[in-house]
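A.B. asks: Here it is, the structure in full.
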Amino acid sequence: MASTEPYALEVSPASELTFTLTRATGQDATPRCSLTLKHPGNTDEHLAFKVKTTQPRRYLVRPNQGLVAPGSAETISIILVDKDKQVLLQSFDRLGQTALDHSKDKFLVQSCCVSREFATRYNDEKRKADSQVGENAAKSAKELAEALTGMWNAVTSAASNPIFNKKLHVRHVVDTMPPPGPPIKPPVVPHEKSLQTIENMTQEQMFAEISSLRRKYDELVSFSVNLTAERDILNNTLEQTKRDLNREMSNRAALENQGGGKTMGGNPDAPKSSGMANLLMMLIVGLLMFIVGVKMSQSDQVGFLAGIPVIGGLVLGKEGVTEEL
């Protein structure tokens, strides 16, 4: 149902945009659809429009904004880019049409009334831009777009100017009909081709073919035998390497254990040798002190040695024996 508001454009189609996907290539195979915006005629003012989408990189909308004069209409061309077309076709190949039936792509058509001054100025600039070419035309088109963008910003910020919003859903449909082309020849099955070739052979050709097959079979058997022998050699080499490695590890562990025993146990003859050295040292020291005592007794300087139990007794005892004699 058409809206009764004077600022609302009549949008056709009213609820859904359908894109037909084909597997053909070329400019004509690009999925596209048209959107018609018609002035309802309820007002003498121009209506500005703007078309938005939830997928701006997937669809090309031309023009995406502009003005519609009273009693006229504007046709909007919407193109689906080829990259996203291939993505949708891949989804169709995996899951069928159900993968495309729940598309979340949407379009929004907005419209509002504009002042006569803005409409007159915009139309004059548009006529000038249409008559220009090259860089001047591009510059004029950019200025027109900036003028419309500024107008929409002003309308959005001002709550007094109402805006009409119309949402459109998107549906993608795959054309399953094959593209027209030359008739496709049925593929020849390999064994059927071989049978046809054998039937056309002479006896000599068949004998040569059998000999060739026999020679290839012998080469295959020889290759298989050589491969098996190489496998056995590799297995034996691997087993020998494992045994050598285990033996080397055992020898290293034994050497480490022997080295640890020497470090912890020490030399069992060491205490005995140490005791003999201490006893020999004590005998030498005692002998030296005895000789010193005897020398000092002969010089009558042994009185202070009387307090020493062992040495004093030995020296004084020796002196007593000398005096008695």
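The chains in the structure tokens are called A, B, ... from first to last as shown; in each chain the residues are counted from 1, and the ligands are counted from 1 in the order shown.
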Give me the residues near range 23-38 of chain A as a VMD selection string, where near means some atom within 6 Å (using only C-alpha atoms) and where sequence neighbours in that chain fewer than 6 positions away do not count.
C.D. replies: chain A and resid 9 to 12 73 to 80
A.B. asks: Quick one: write out the picked residues with N, CA, C and O atoms as a PDB file, in the first residue's frame?
C.D. replies:
ATOM      1  N   LEU A   9       7.898   8.888  -1.078  1.00  0.00           N
ATOM      2  CA  LEU A   9       7.965   8.442  -2.462  1.00  0.00           C
ATOM      3  C   LEU A   9       7.306   7.081  -2.614  1.00  0.00           C
ATOM      4  O   LEU A   9       7.292   6.260  -1.687  1.00  0.00           O
ATOM      5  N   GLU A  10       6.785   6.828  -3.808  1.00  0.00           N
ATOM      6  CA  GLU A  10       6.254   5.499  -4.120  1.00  0.00           C
ATOM      7  C   GLU A  10       7.407   4.624  -4.611  1.00  0.00           C
ATOM      8  O   GLU A  10       8.064   4.953  -5.615  1.00  0.00           O
ATOM      9  N   VAL A  11       7.654   3.532  -3.887  1.00  0.00           N
ATOM     10  CA  VAL A  11       8.804   2.670  -4.153  1.00  0.00           C
ATOM     11  C   VAL A  11       8.318   1.404  -4.839  1.00  0.00           C
ATOM     12  O   VAL A  11       7.381   0.748  -4.368  1.00  0.00           O
ATOM     13  N   SER A  12       8.957   1.050  -5.936  1.00  0.00           N
ATOM     14  CA  SER A  12       8.626  -0.169  -6.668  1.00  0.00           C
ATOM     15  C   SER A  12       9.930  -0.872  -7.080  1.00  0.00           C
ATOM     16  O   SER A  12      10.805  -0.239  -7.686  1.00  0.00           O
ATOM     17  N   ALA A  73       9.605  10.511 -11.968  1.00  0.00           N
ATOM     18  CA  ALA A  73      10.128   9.333 -11.271  1.00  0.00           C
ATOM     19  C   ALA A  73      11.624   9.207 -11.544  1.00  0.00           C
ATOM     20  O   ALA A  73      12.146   9.761 -12.522  1.00  0.00           O
ATOM     21  N   GLU A  74      12.275   8.472 -10.702  1.00  0.00           N
ATOM     22  CA  GLU A  74      13.712   8.233 -10.829  1.00  0.00           C
ATOM     23  C   GLU A  74      13.956   6.724 -10.753  1.00  0.00           C
ATOM     24  O   GLU A  74      13.417   6.030  -9.888  1.00  0.00           O
ATOM     25  N   THR A  75      14.777   6.222 -11.677  1.00  0.00           N
ATOM     26  CA  THR A  75      15.111   4.792 -11.699  1.00  0.00           C
ATOM     27  C   THR A  75      16.495   4.595 -11.106  1.00  0.00           C
ATOM     28  O   THR A  75      17.473   5.210 -11.572  1.00  0.00           O
ATOM     29  N   ILE A  76      16.585   3.720 -10.121  1.00  0.00           N
ATOM     30  CA  ILE A  76      17.839   3.419  -9.434  1.00  0.00           C
ATOM     31  C   ILE A  76      18.322   2.060  -9.914  1.00  0.00           C
ATOM     32  O   ILE A  76      17.563   1.075  -9.901  1.00  0.00           O
ATOM     33  N   SER A  77      19.591   1.990 -10.331  1.00  0.00           N
ATOM     34  CA  SER A  77      20.195   0.729 -10.779  1.00  0.00           C
ATOM     35  C   SER A  77      21.063   0.177  -9.648  1.00  0.00           C
ATOM     36  O   SER A  77      21.924   0.886  -9.119  1.00  0.00           O
ATOM     37  N   ILE A  78      20.832  -1.083  -9.301  1.00  0.00           N
ATOM     38  CA  ILE A  78      21.583  -1.749  -8.224  1.00  0.00           C
ATOM     39  C   ILE A  78      22.267  -2.971  -8.823  1.00  0.00           C
ATOM     40  O   ILE A  78      21.618  -3.839  -9.409  1.00  0.00           O
ATOM     41  N   ILE A  79      23.595  -3.027  -8.673  1.00  0.00           N
ATOM     42  CA  ILE A  79      24.407  -4.101  -9.265  1.00  0.00           C
ATOM     43  C   ILE A  79      25.084  -4.884  -8.154  1.00  0.00           C
ATOM     44  O   ILE A  79      25.643  -4.292  -7.207  1.00  0.00           O
ATOM     45  N   LEU A  80      25.056  -6.204  -8.248  1.00  0.00           N
ATOM     46  CA  LEU A  80      25.766  -7.094  -7.328  1.00  0.00           C
ATOM     47  C   LEU A  80      27.157  -7.367  -7.903  1.00  0.00           C
ATOM     48  O   LEU A  80      27.275  -7.840  -9.045  1.00  0.00           O
TER      49      LEU A  80
END
A.B. asks: Residues near Asn64 in chain A, anyone? I mean within 8 Å using only C-alpha atoms, not counting same-chain ones fewer than 4 positions away, as a list in words.
C.D. replies: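 Answer for this query is Lys50, Val51, Lys52 and Ile76 of chain A.
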A.B. asks: From the set A:Tyr122, A:Ala14, A:Val173, A:Ile163, which residue has the shortest atom-to-atom contact distance to Glu146 in chain A, counting only C-alpha atoms?
C.D. replies: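 The answer is A:Tyr122, which sits nearest to Glu146 in chain A.
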